[in-house]
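Student: As input, take structure23.cif (mmCIF, C-alpha atoms and all ligand atoms):
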data_coords
loop_
_atom_site.label_atom_id
_atom_site.label_comp_id
_atom_site.auth_asym_id
_atom_site.auth_seq_id
_atom_site.Cartn_x
_atom_site.Cartn_y
_atom_site.Cartn_z
CA MET A 6 139.92 104.40 198.74
CA PRO A 7 141.05 100.78 199.17
CA TYR A 8 144.74 99.89 199.45
CA ARG A 9 144.49 98.16 196.09
CA ALA A 10 142.11 98.77 193.16
CA ASP A 11 141.79 96.59 190.08
CA ILE A 12 141.25 99.41 187.59
CA THR A 13 141.92 103.12 188.04
CA ILE A 14 140.57 105.49 185.42
CA ILE A 15 142.12 108.95 185.46
CA GLY A 16 139.59 111.56 184.27
CA GLY A 17 135.83 111.84 184.58
CA GLY A 18 135.03 113.24 181.14
CA VAL A 19 132.86 111.43 178.61
CA ILE A 20 135.69 109.03 177.71
CA GLY A 21 136.55 108.03 181.29
CA LEU A 22 132.87 107.62 182.16
CA ALA A 23 132.06 105.63 179.01
CA ILE A 24 134.99 103.30 179.73
CA ALA A 25 133.93 102.98 183.37
CA SER A 26 130.45 101.98 182.23
CA GLN A 27 131.97 99.13 180.21
CA VAL A 28 134.70 97.85 182.52
CA ALA A 29 132.86 98.05 185.87
CA LYS A 30 131.43 94.73 186.90
CA GLU A 31 130.84 92.65 190.01
CA GLY A 32 134.08 91.55 191.60
CA ARG A 33 136.17 94.37 190.17
CA GLU A 34 137.28 97.39 192.20
CA VAL A 35 136.98 100.22 189.67
CA TYR A 36 137.74 103.84 190.50
CA VAL A 37 137.43 107.03 188.48
CA LEU A 38 139.60 109.88 189.77
CA GLU A 39 138.59 113.38 188.75
CA LYS A 40 140.44 116.54 189.75
CA ASN A 41 137.40 118.82 189.36
CA GLU A 42 134.42 118.90 191.70
CA ALA A 43 132.07 117.33 189.13
CA PHE A 44 132.28 115.16 186.02
CA GLY A 45 132.64 116.52 182.48
CA GLN A 46 133.75 120.07 183.22
CA GLU A 47 136.37 120.29 180.46
CA GLN A 48 136.22 119.21 176.80
CA SER A 49 133.14 117.05 177.31
CA SER A 50 130.85 119.96 178.22
CA ARG A 51 132.43 122.55 175.95
CA ASN A 52 131.85 121.18 172.49
CA SER A 53 129.39 121.28 169.59
CA GLU A 54 127.47 118.16 170.74
CA VAL A 55 127.44 116.86 167.20
CA ILE A 56 127.09 113.14 166.53
CA HIS A 57 129.53 112.99 163.65
CA ALA A 58 129.02 110.61 160.74
CA GLY A 59 132.71 109.80 160.09
CA ILE A 60 133.31 111.83 156.91
CA TYR A 61 136.55 113.67 157.61
CA TYR A 62 139.05 111.10 158.88
CA GLU A 63 141.67 109.00 157.12
CA ARG A 64 140.38 105.66 155.99
CA ASP A 65 140.84 102.84 158.55
CA SER A 66 142.14 105.30 161.15
CA LEU A 67 140.89 104.87 164.71
CA LYS A 68 139.07 108.19 164.30
CA ALA A 69 137.15 106.88 161.26
CA ARG A 70 136.44 103.47 162.81
CA MET A 71 135.49 104.71 166.29
CA CYS A 72 133.36 107.52 164.86
CA LEU A 73 131.36 105.28 162.55
CA GLU A 74 130.79 102.64 165.23
CA GLY A 75 130.12 105.30 167.89
CA ASN A 76 127.57 107.03 165.65
CA GLY A 77 125.41 103.90 165.48
CA LEU A 78 125.89 103.04 169.16
CA LEU A 79 125.06 106.57 170.32
CA TYR A 80 121.71 106.67 168.55
CA GLU A 81 120.88 103.27 170.06
CA ILE A 82 121.91 104.35 173.59
CA CYS A 83 119.97 107.62 173.32
CA GLU A 84 116.84 105.91 172.02
CA LYS A 85 116.85 103.17 174.68
CA ASN A 86 117.67 105.42 177.62
CA GLY A 87 115.66 108.58 177.00
CA ILE A 88 118.72 110.74 176.26
CA ALA A 89 117.74 113.78 174.17
CA TYR A 90 119.09 113.65 170.61
CA LYS A 91 118.13 114.71 167.10
CA LYS A 92 119.13 112.81 163.99
CA CYS A 93 118.73 116.01 162.00
CA GLY A 94 121.41 115.43 159.36
CA LYS A 95 123.78 118.04 158.00
CA ILE A 96 124.66 119.77 154.79
CA ILE A 97 128.23 120.62 153.87
CA VAL A 98 128.16 123.60 151.53
CA ALA A 99 130.75 125.14 149.19
CA THR A 100 130.48 128.86 148.53
CA ASP A 101 133.06 129.14 145.70
CA TYR A 102 134.79 126.96 143.11
CA VAL A 103 137.90 126.28 145.19
CA GLU A 104 135.70 124.97 148.00
CA ALA A 105 133.58 123.02 145.48
CA GLU A 106 136.69 121.04 144.42
CA GLU A 107 137.49 120.26 148.06
CA LEU A 108 133.86 119.31 148.62
CA GLU A 109 134.14 116.63 145.92
CA LYS A 110 137.26 115.21 147.62
CA LEU A 111 135.56 115.23 151.00
CA TYR A 112 132.53 113.46 149.57
CA ARG A 113 134.77 110.69 148.19
CA ARG A 114 136.60 110.37 151.50
CA GLY A 115 133.29 110.05 153.35
CA GLU A 116 132.08 107.43 150.89
CA ASP A 117 135.37 105.52 151.23
CA ASN A 118 134.82 105.49 154.98
CA GLY A 119 131.41 103.90 154.43
CA VAL A 120 129.37 106.96 155.43
CA PRO A 121 125.98 107.31 153.72
CA LEU A 122 126.04 110.61 151.77
CA LYS A 123 124.08 112.27 148.99
CA MET A 124 125.41 114.88 146.57
CA LEU A 125 122.72 117.54 146.13
CA SER A 126 121.61 119.37 143.01
CA ARG A 127 120.99 123.10 143.44
CA LYS A 128 117.27 122.37 143.37
CA GLU A 129 117.53 119.73 146.12
CA MET A 130 119.68 122.08 148.18
CA GLY A 131 117.03 124.79 147.82
CA LEU A 132 114.31 122.40 148.88
CA LEU A 133 116.18 121.22 151.98
CA GLU A 134 117.56 124.60 153.03
CA PRO A 135 115.84 127.46 151.17
CA ASN A 136 117.70 130.14 153.14
CA ILE A 137 121.29 129.07 152.58
CA LYS A 138 123.51 130.13 149.71
CA GLY A 139 126.14 127.98 148.01
CA ILE A 140 127.23 126.59 144.68
CA ALA A 141 127.50 122.90 145.67
CA ALA A 142 126.60 120.77 148.68
CA PHE A 143 126.16 117.26 149.97
CA PHE A 144 123.89 115.83 152.63
CA SER A 145 124.89 113.57 155.52
CA PRO A 146 121.73 111.94 156.94
CA THR A 147 123.44 110.20 159.89
CA THR A 148 124.87 113.36 161.48
CA GLY A 149 122.96 114.51 164.55
CA ILE A 150 123.02 116.23 167.92
CA VAL A 151 123.12 114.79 171.45
CA ASP A 152 122.66 116.21 174.93
CA SER A 153 126.23 115.55 176.08
CA TYR A 154 125.49 116.12 179.77
CA ALA A 155 122.65 113.58 179.72
CA LEU A 156 124.93 111.12 177.93
CA MET A 157 127.61 111.49 180.61
CA ARG A 158 125.00 111.11 183.36
CA TYR A 159 123.88 107.86 181.71
CA PHE A 160 127.46 106.46 181.55
CA LEU A 161 128.05 107.51 185.17
CA LYS A 162 124.88 105.82 186.43
CA LYS A 163 125.56 102.63 184.49
CA ALA A 164 129.10 102.48 185.88
CA ARG A 165 127.91 103.16 189.45
CA ASP A 166 125.20 100.52 189.15
CA ASN A 167 128.02 98.09 188.36
CA GLY A 168 130.04 99.09 191.39
CA MET A 169 132.34 101.84 190.07
CA GLN A 170 133.22 104.60 192.52
CA ILE A 171 134.17 108.12 191.53
CA ALA A 172 136.34 110.44 193.61
CA TYR A 173 136.04 114.16 192.81
CA LYS A 174 138.57 116.85 193.72
CA THR A 175 141.16 114.09 193.51
CA GLU A 176 144.11 114.82 191.27
CA VAL A 177 146.63 112.21 190.20
CA ILE A 178 150.09 113.63 190.77
CA GLY A 179 152.35 110.58 190.42
CA ILE A 180 152.41 107.09 188.90
CA GLU A 181 155.06 104.52 189.71
CA LYS A 182 155.43 101.07 188.15
CA ILE A 183 155.63 98.38 190.83
CA SER A 184 155.96 94.61 190.52
CA ASN A 185 152.27 93.77 190.06
CA GLY A 186 150.77 97.05 188.88
CA TYR A 187 151.11 100.72 189.74
CA LYS A 188 151.38 102.95 192.75
CA VAL A 189 149.22 106.01 192.11
CA LYS A 190 149.79 109.15 194.14
CA VAL A 191 146.85 111.52 194.48
CA LYS A 192 146.14 114.87 196.07
CA ASP A 193 142.76 115.72 197.61
CA SER A 194 141.50 118.12 200.28
CA SER A 195 143.03 115.95 203.01
CA GLY A 196 146.52 115.98 201.47
CA ASP A 197 148.54 113.44 199.46
CA PHE A 198 148.22 109.67 199.60
CA SER A 199 149.03 106.64 197.45
CA PHE A 200 147.30 103.37 196.60
CA MET A 201 147.99 100.38 194.36
CA THR A 202 146.17 99.42 191.23
CA GLY A 203 146.50 96.64 188.69
CA VAL A 204 145.40 98.63 185.64
CA VAL A 205 145.63 102.37 184.91
CA ILE A 206 143.55 103.94 182.15
CA ASN A 207 144.66 107.45 181.26
CA CYS A 208 141.64 109.50 180.12
CA ALA A 209 142.95 112.84 181.34
CA GLY A 210 141.98 114.83 178.25
CA LEU A 211 143.99 118.06 178.04
CA TYR A 212 146.49 116.62 180.54
CA SER A 213 146.75 113.09 179.18
CA ASP A 214 150.28 113.77 177.88
CA LYS A 215 151.30 114.91 181.39
CA VAL A 216 149.78 111.77 182.92
CA ALA A 217 151.64 109.61 180.36
CA GLU A 218 154.81 111.45 181.38
CA MET A 219 154.11 110.70 185.07
CA ALA A 220 154.24 107.00 184.19
CA GLY A 221 157.73 107.52 182.73
CA ILE A 222 156.92 107.89 179.02
CA ASN A 223 159.06 110.35 177.09
CA ILE A 224 156.23 112.21 175.34
CA ASP A 225 158.48 113.83 172.74
CA GLU A 226 159.84 110.46 171.64
CA ALA A 227 156.40 108.87 171.77
CA ASN A 228 154.92 111.83 169.86
CA TYR A 229 152.30 112.33 172.57
CA LYS A 230 152.81 116.05 173.18
CA LEU A 231 149.46 117.83 173.19
CA TYR A 232 148.68 121.25 171.78
CA TRP A 233 145.75 123.15 173.22
CA TYR A 234 143.46 124.36 170.49
CA LYS A 235 140.76 126.77 171.61
CA GLY A 236 137.46 127.11 169.81
CA GLU A 237 135.12 130.05 170.41
CA TYR A 238 131.35 130.13 169.90
CA TYR A 239 128.97 133.02 169.27
CA SER A 240 125.29 132.83 170.15
CA VAL A 241 122.84 133.88 167.44
CA SER A 242 119.69 135.74 168.34
CA GLY A 243 116.79 137.17 166.37
CA GLY A 244 114.92 133.92 165.66
CA ARG A 245 117.51 132.94 163.04
CA ASN A 246 117.27 129.30 164.20
CA LYS A 247 113.87 129.11 162.45
CA LEU A 248 115.59 129.69 159.10
CA ILE A 249 117.67 126.51 159.34
CA ASN A 250 116.41 122.92 159.21
CA ARG A 251 119.58 121.00 160.05
CA LEU A 252 123.30 121.44 160.80
CA ILE A 253 125.17 123.43 158.15
CA TYR A 254 128.95 123.07 157.78
CA PRO A 255 131.50 124.71 155.49
CA VAL A 256 134.11 122.78 153.52
CA PRO A 257 137.07 122.46 155.91
CA MET A 258 140.05 124.36 154.50
CA GLY A 259 142.46 123.92 157.45
CA ILE A 260 143.00 121.85 160.60
CA SER A 261 139.53 122.41 162.02
CA LEU A 262 136.14 121.72 160.47
CA GLY A 263 135.57 125.48 160.18
CA VAL A 264 133.03 127.79 161.81
CA HIS A 265 129.70 126.03 161.42
CA VAL A 266 126.10 126.11 162.50
CA CYS A 267 125.72 124.53 165.95
CA LEU A 268 122.26 123.63 167.14
CA ASP A 269 121.53 121.93 170.41
CA VAL A 270 118.66 119.53 171.08
CA ASN A 271 116.45 122.55 171.93
CA TRP A 272 117.38 124.15 168.59
CA ARG A 273 119.40 126.91 170.22
CA LEU A 274 121.62 128.36 167.50
CA ARG A 275 125.30 129.17 167.82
CA LEU A 276 128.07 129.68 165.31
CA GLY A 277 131.54 128.32 165.90
CA PRO A 278 133.98 127.18 166.90
CA LEU A 279 136.66 129.48 165.59
CA PHE A 280 139.92 127.80 166.62
CA TYR A 281 143.37 129.08 167.58
CA TYR A 282 146.27 127.62 169.61
CA VAL A 283 146.70 128.68 173.24
CA ASP A 284 149.23 128.03 176.01
CA ASP A 285 146.91 128.64 178.96
CA ILE A 286 143.45 127.49 179.92
CA SER A 287 141.02 130.40 179.83
CA TYR A 288 137.51 130.02 178.48
CA LYS A 289 136.98 133.76 178.01
CA VAL A 290 135.93 134.61 174.45
CA ASP A 291 138.24 137.09 172.77
CA ASP A 292 135.71 139.26 170.95
CA THR A 293 138.39 140.96 168.87
CA ARG A 294 138.16 137.81 166.73
CA LYS A 295 134.57 138.56 165.73
CA LYS A 296 135.87 139.94 162.42
CA ALA A 297 137.21 136.48 161.52
CA PHE A 298 133.77 135.07 162.27
CA LEU A 299 132.12 137.58 159.99
CA GLU A 300 134.59 136.75 157.22
CA SER A 301 134.16 132.98 157.57
CA SER A 302 132.87 130.94 154.70
CA MET A 303 129.86 129.99 156.83
CA MET A 304 128.67 133.60 156.98
CA LYS A 305 128.68 133.65 153.17
CA ALA A 306 126.40 130.63 153.19
CA LEU A 307 124.00 132.31 155.64
CA PRO A 308 123.12 135.58 153.91
CA PHE A 309 120.31 136.33 156.38
CA MET A 310 122.77 136.63 159.26
CA GLU A 311 123.58 140.16 160.44
CA PRO A 312 126.77 140.97 162.40
CA SER A 313 124.58 142.29 165.22
CA ASP A 314 122.97 138.82 165.57
CA LEU A 315 126.25 137.42 166.93
CA GLU A 316 127.22 137.69 170.60
CA PRO A 317 130.37 136.14 172.11
CA GLU A 318 129.24 133.14 174.14
CA THR A 319 131.49 130.31 175.27
CA SER A 320 134.57 128.34 174.28
CA GLY A 321 136.16 124.93 174.55
CA ILE A 322 139.76 123.72 174.31
CA THR A 323 140.71 120.50 172.55
CA ALA A 324 143.54 118.12 173.35
CA ASN A 325 145.19 118.11 169.96
CA LEU A 326 148.19 116.02 168.90
CA ARG A 327 148.50 118.21 165.85
CA GLY A 328 150.60 121.33 166.18
CA GLU A 329 150.45 124.19 163.72
CA GLY A 330 151.17 122.94 160.19
CA ASP A 331 151.11 119.23 161.13
CA GLY A 332 149.19 116.66 159.11
CA PHE A 333 146.48 114.23 160.24
CA ARG A 334 146.97 112.65 163.68
CA ASP A 335 144.93 109.75 164.87
CA PHE A 336 143.63 109.03 168.38
CA VAL A 337 146.22 107.27 170.53
CA ILE A 338 144.53 104.35 172.33
CA ARG A 339 147.29 102.02 173.39
CA HIS A 340 148.20 99.40 175.94
CA GLU A 341 151.77 100.44 176.77
CA ASP A 342 153.26 97.00 177.48
CA GLY A 343 155.75 97.67 174.65
CA ARG A 344 157.11 100.56 176.72
CA GLY A 345 157.56 98.34 179.77
CA LEU A 346 154.22 99.43 181.23
CA PRO A 347 151.93 96.36 181.19
CA GLY A 348 148.46 97.29 182.44
CA PHE A 349 148.86 100.96 181.52
CA ILE A 350 146.42 102.09 178.83
CA ASN A 351 146.87 105.52 177.30
CA LEU A 352 144.20 107.58 175.58
CA VAL A 353 145.91 110.68 174.22
CA GLY A 354 144.66 113.24 171.72
CA ILE A 355 140.99 112.31 172.04
CA GLU A 356 139.73 115.44 170.33
CA SER A 357 136.76 115.57 167.95
CA PRO A 358 135.07 113.16 167.17
CA GLY A 359 135.69 111.95 170.73
CA LEU A 360 132.17 112.57 171.99
CA THR A 361 130.68 110.61 169.09
CA SER A 362 133.27 107.87 169.46
CA SER A 363 132.89 107.49 173.23
CA PRO A 364 130.80 104.27 173.28
CA ALA A 365 133.02 102.65 170.63
CA ILE A 366 136.22 103.69 172.43
CA ALA A 367 134.76 102.23 175.63
CA ARG A 368 134.19 98.87 173.93
CA TYR A 369 137.69 98.94 172.43
CA VAL A 370 139.32 99.66 175.80
CA SER A 371 137.10 97.13 177.54
CA ARG A 372 138.48 94.43 175.21
CA LEU A 373 142.04 95.47 176.15
CA VAL A 374 141.11 95.29 179.84
CA ASN A 375 139.48 91.87 179.46
CA GLU A 376 142.69 90.59 177.85
CA LEU A 377 144.56 91.86 180.91
CA LEU A 378 142.20 90.80 183.68
CA GLY A 379 140.16 88.08 182.08
CA ASN A 380 136.44 88.35 181.50
CA GLU A 381 135.28 87.32 184.92
CA THR A 382 136.80 89.32 187.75
CA GLY A 383 139.88 91.35 188.37
C1 LIG B 401 135.28 123.14 171.00
C2 LIG B 401 135.11 121.67 170.88
C3 LIG B 401 134.16 121.15 170.01
C4 LIG B 401 133.98 119.77 169.90
N1 LIG B 401 132.94 119.29 169.17
C5 LIG B 401 132.71 117.96 169.14
C6 LIG B 401 131.57 117.44 168.46
O1 LIG B 401 130.72 118.18 167.99
N2 LIG B 401 131.42 116.09 168.37
C7 LIG B 401 132.34 115.23 168.90
O2 LIG B 401 132.17 114.01 168.72
N3 LIG B 401 133.40 115.69 169.60
C8 LIG B 401 133.59 117.02 169.74
N4 LIG B 401 134.64 117.52 170.47
C9 LIG B 401 135.56 116.56 171.09
C10 LIG B 401 135.02 116.01 172.41
O3 LIG B 401 134.44 117.01 173.19
C11 LIG B 401 136.19 115.34 173.13
O4 LIG B 401 136.80 114.41 172.27
C12 LIG B 401 135.74 114.61 174.39
O5 LIG B 401 134.94 115.41 175.20
C13 LIG B 401 136.98 114.15 175.15
O6 LIG B 401 136.56 113.63 176.38
P1 LIG B 401 137.63 113.24 177.47
O7 LIG B 401 136.90 112.54 178.54
O8 LIG B 401 138.79 112.56 176.82
O9 LIG B 401 138.24 114.64 177.96
P2 LIG B 401 137.70 115.69 179.03
O10 LIG B 401 136.27 115.93 178.90
O11 LIG B 401 138.60 116.87 178.91
O12 LIG B 401 137.93 114.96 180.41
C14 LIG B 401 139.21 114.72 180.96
C15 LIG B 401 139.07 114.79 182.45
O13 LIG B 401 140.30 114.41 183.05
C16 LIG B 401 140.45 115.17 184.25
N5 LIG B 401 141.86 115.17 184.61
C17 LIG B 401 142.91 115.65 183.89
N6 LIG B 401 144.06 115.45 184.54
C18 LIG B 401 143.75 114.82 185.72
C19 LIG B 401 144.53 114.36 186.82
N7 LIG B 401 145.87 114.48 186.85
N8 LIG B 401 143.87 113.78 187.86
C20 LIG B 401 142.51 113.63 187.85
N9 LIG B 401 141.73 114.07 186.82
C21 LIG B 401 142.36 114.64 185.77
C22 LIG B 401 139.95 116.56 183.83
O14 LIG B 401 139.61 117.34 184.95
C23 LIG B 401 138.77 116.20 182.94
O15 LIG B 401 137.54 116.20 183.64
C24 LIG B 401 134.83 118.88 170.63
C25 LIG B 401 135.77 119.41 171.51
C26 LIG B 401 135.89 120.78 171.67
C27 LIG B 401 136.82 121.31 172.71
#
Represent the structure from my file as structure tokens, please.

Tutor:
Amino acid sequence: MPYRADITIIGGGVIGLAIASQVAKEGREVYVLEKNEAFGQEQSSRNSEVIHAGIYYERDSLKARMCLEGNGLLYEICEKNGIAYKKCGKIIVATDYVEAEELEKLYRRGEDNGVPLKMLSRKEMGLLEPNIKGIAAFFSPTTGIVDSYALMRYFLKKARDNGMQIAYKTEVIGIEKISNGYKVKVKDSSGDFSFMTGVVINCAGLYSDKVAEMAGINIDEANYKLYWYKGEYYSVSGGRNKLINRLIYPVPMGISLGVHVCLDVNWRLRLGPLFYYVDDISYKVDDTRKKAFLESSMMKALPFMEPSDLEPETSGITANLRGEGDGFRDFVIRHEDGRGLPGFINLVGIESPGLTSSPAIARYVSRLVNELLGNETG
């Protein structure tokens, strides 16, 4: 590591890598610091890999704006760079009248956000998905699936080609404001050491509140405290994937989008995630919750599914700003000069649709960085 970097990005998940791919350029010393031994080992590789359309989020929120822009950018990036994806679309289906009312509201919200959607008649629903059961549904043609690992590899290569360097097994343990930037203290296999940097970009995912705290921000006052929200997936065997033509989602009736059909680019079928709050990081699936899976609205929409088709598989944990019972929370993407931290950019609570939004978030942060460093060099 040099004595002084221009930009230090904390976290090598999809957000840190996407930002690195935008801000790295000749003449800038850009570093990504990652505590794990490889990139993308946390949220970014433990998700549904869905390219969301932008239906669910409050109008004009960062989530809505970044998701819509990211959706278009992601398809473009995938197409140009040979990253596996499928623009398969999705159907959101209501299985009773209470859900049907919520479905109408969701449809209007999606339309308000500028998402192309189509309300389906029962006949159209039957033609698109003959094996699913529901009383009302709408179709989202711009929803899709991406190979998230290949996407991260693309961002990493692009950043490296532009001179970014990534340090694995390197954990940030302290951040101190100094006269012309920050002193960052890190821990690696050789021990602790510090270096200077002009700009810090906090993309630490599940720990981004802790990193903000290291820089001296009171996370309770700033409302940056994160809640860990664990989502479990079940694999589905028995050739059931052949009975489904696209992603199928329930009407969300709580904080999460609800247990839904997850398909990857190879059409491997899973159901999930079923979410609950946790205090510790463990990715073990608690199979005592299978009953909740079997009772989910999604199972009602998939009458061909047998309980024995479902096997506990994997899980992911999101960095959620929303605690139990809280309302909508937006992404926090903020240059903290107002808190006396010029050059410190926080990204906190980048939960779903963070994967979809990654290229748009990278552009957004790159503009903040260019305002700080100028367009040319650091
Ligand atoms: C179950 C689940 C399903 C999801 N489904 C979707 C979906 O279908 N579509 C979608 O768009 N989004 C989805 N998401 C959201 C998406 O996965 C995240 O928004 C995105 O991956 C966040 O990326 P990130 O880089 O911010 O975080 P992460 O991938 O968690 O990366 C943060 C990195 O920071 C590192 N780090 C933390 N602290 C330090 C430190 N002190 N020093 C050095 N390194 C540090 C970590 O090791 C980690 O690698 C889902 C998330 C989950 C968990």

Student: Grab me every residue within 7 Å of ligand LIG 401 (chain B), counting only C-alpha atoms and all ligand atoms, and send it over as a short mmCIF file (atom, residue, chain, number, x, y, z; two decimals) with C-alpha atoms, in the frame of the given file.

Tutor:
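What landed in pocket25.cif:
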data_model
loop_
_atom_site.label_atom_id
_atom_site.label_comp_id
_atom_site.auth_asym_id
_atom_site.auth_seq_id
_atom_site.Cartn_x
_atom_site.Cartn_y
_atom_site.Cartn_z
CA ILE A 15 142.12 108.95 185.46
CA GLY A 16 139.59 111.56 184.27
CA GLY A 17 135.83 111.84 184.58
CA GLY A 18 135.03 113.24 181.14
CA VAL A 19 132.86 111.43 178.61
CA ILE A 20 135.69 109.03 177.71
CA GLY A 21 136.55 108.03 181.29
CA LEU A 38 139.60 109.88 189.77
CA GLU A 39 138.59 113.38 188.75
CA LYS A 40 140.44 116.54 189.75
CA ASN A 41 137.40 118.82 189.36
CA PHE A 44 132.28 115.16 186.02
CA GLY A 45 132.64 116.52 182.48
CA GLN A 46 133.75 120.07 183.22
CA GLU A 47 136.37 120.29 180.46
CA GLN A 48 136.22 119.21 176.80
CA SER A 49 133.14 117.05 177.31
CA SER A 50 130.85 119.96 178.22
CA ARG A 51 132.43 122.55 175.95
CA ASN A 52 131.85 121.18 172.49
CA SER A 53 129.39 121.28 169.59
CA GLU A 54 127.47 118.16 170.74
CA VAL A 55 127.44 116.86 167.20
CA ILE A 56 127.09 113.14 166.53
CA HIS A 57 129.53 112.99 163.65
CA THR A 175 141.16 114.09 193.51
CA GLU A 176 144.11 114.82 191.27
CA VAL A 177 146.63 112.21 190.20
CA ILE A 178 150.09 113.63 190.77
CA CYS A 208 141.64 109.50 180.12
CA ALA A 209 142.95 112.84 181.34
CA GLY A 210 141.98 114.83 178.25
CA LEU A 211 143.99 118.06 178.04
CA TYR A 212 146.49 116.62 180.54
CA SER A 213 146.75 113.09 179.18
CA VAL A 216 149.78 111.77 182.92
CA LYS A 235 140.76 126.77 171.61
CA GLY A 236 137.46 127.11 169.81
CA GLU A 237 135.12 130.05 170.41
CA PRO A 278 133.98 127.18 166.90
CA SER A 320 134.57 128.34 174.28
CA GLY A 321 136.16 124.93 174.55
CA ILE A 322 139.76 123.72 174.31
CA THR A 323 140.71 120.50 172.55
CA ILE A 355 140.99 112.31 172.04
CA GLU A 356 139.73 115.44 170.33
CA SER A 357 136.76 115.57 167.95
CA PRO A 358 135.07 113.16 167.17
CA GLY A 359 135.69 111.95 170.73
CA LEU A 360 132.17 112.57 171.99
CA THR A 361 130.68 110.61 169.09
CA SER A 362 133.27 107.87 169.46
#

Student: Measuring between all atoms listed in the file, which one of A:Val266, A:Val353, A:Val35, A:Ala105 shows the shortest distance to Lys215 of chain A?

Tutor: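 With all atoms listed in the file as the atom set, the closest residue is A:Val353.
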
Student: Pick out the residues sitting within 12 Å of Arg344 of chain A, and hand them over as a PDB file with C-alpha atoms, in the frame of the given file; count all atoms listed in the file, and ignore anything fewer than 5 positions along from it in its own chain.

Tutor:
ATOM      1  CA  LYS A 182     155.430 101.070 188.150  1.00  0.00           C
ATOM      2  CA  ALA A 217     151.640 109.610 180.360  1.00  0.00           C
ATOM      3  CA  ALA A 220     154.240 107.000 184.190  1.00  0.00           C
ATOM      4  CA  GLY A 221     157.730 107.520 182.730  1.00  0.00           C
ATOM      5  CA  ILE A 222     156.920 107.890 179.020  1.00  0.00           C
ATOM      6  CA  ASN A 223     159.060 110.350 177.090  1.00  0.00           C
ATOM      7  CA  ILE A 224     156.230 112.210 175.340  1.00  0.00           C
ATOM      8  CA  GLU A 226     159.840 110.460 171.640  1.00  0.00           C
ATOM      9  CA  ALA A 227     156.400 108.870 171.770  1.00  0.00           C
ATOM     10  CA  ARG A 339     147.290 102.020 173.390  1.00  0.00           C
ATOM     11  CA  PHE A 349     148.860 100.960 181.520  1.00  0.00           C
ATOM     12  CA  ILE A 350     146.420 102.090 178.830  1.00  0.00           C
ATOM     13  CA  ASN A 351     146.870 105.520 177.300  1.00  0.00           C
TER      14      ASN A 351
END

Student: Would you kindly identify which residues have an atom no farther than 12 Å from (151.2, 94.9, 176.3), using all atoms listed in the file and the file's own coordinates, and write them out as a VMD selection string?

Tutor: chain A and resid 204 339 to 351 373 to 374 376 to 377

Student: Work out how far atom CA of Trp233 of chain A is from atom CA of Leu108 of chain A, in Å to one decimal.

Tutor: 27.6 Å

Student: Set the distance at 6 Å and use only C-alpha atoms: which residues neighbour segment 240-250 of chain A once local chain neighbours fewer than 5 positions away are removed? I'd like the list as a VMD selection string.

Tutor: chain A and resid 274 to 275 314 to 316 318

Student: So how many Å separate atom CA of Ser302 of chain A and atom CA of Met258 of chain A, to one decimal?

Tutor: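 Interatomic distance, atom CA of Ser302 of chain A to atom CA of Met258 of chain A: 9.7 Å.
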
Student: Pick out the closest residue to Leu78 of chain A from this set: A:Lys128, A:Lys30, A:Arg368, A:Lys289. Count only C-alpha atoms.

Tutor: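 Using only C-alpha atoms, Leu78 of chain A sits closest to A:Arg368.
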
Student: May I ask which of the residues A:Ala297, A:Asp269, A:Ile260, A:Ala29 is the closest one to Gly332 of chain A, counting all atoms listed in the file?

Tutor: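 Closest to Gly332 of chain A of all the choices is A:Ile260.
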
Student: Find the distance between atom CA of Asp284 of chain A and atom CA of Asp331 of chain A and write it in Å to one decimal.

Tutor: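 Spanning atom CA of Asp284 of chain A to atom CA of Asp331 of chain A is a straight-line distance of 17.4 Å.
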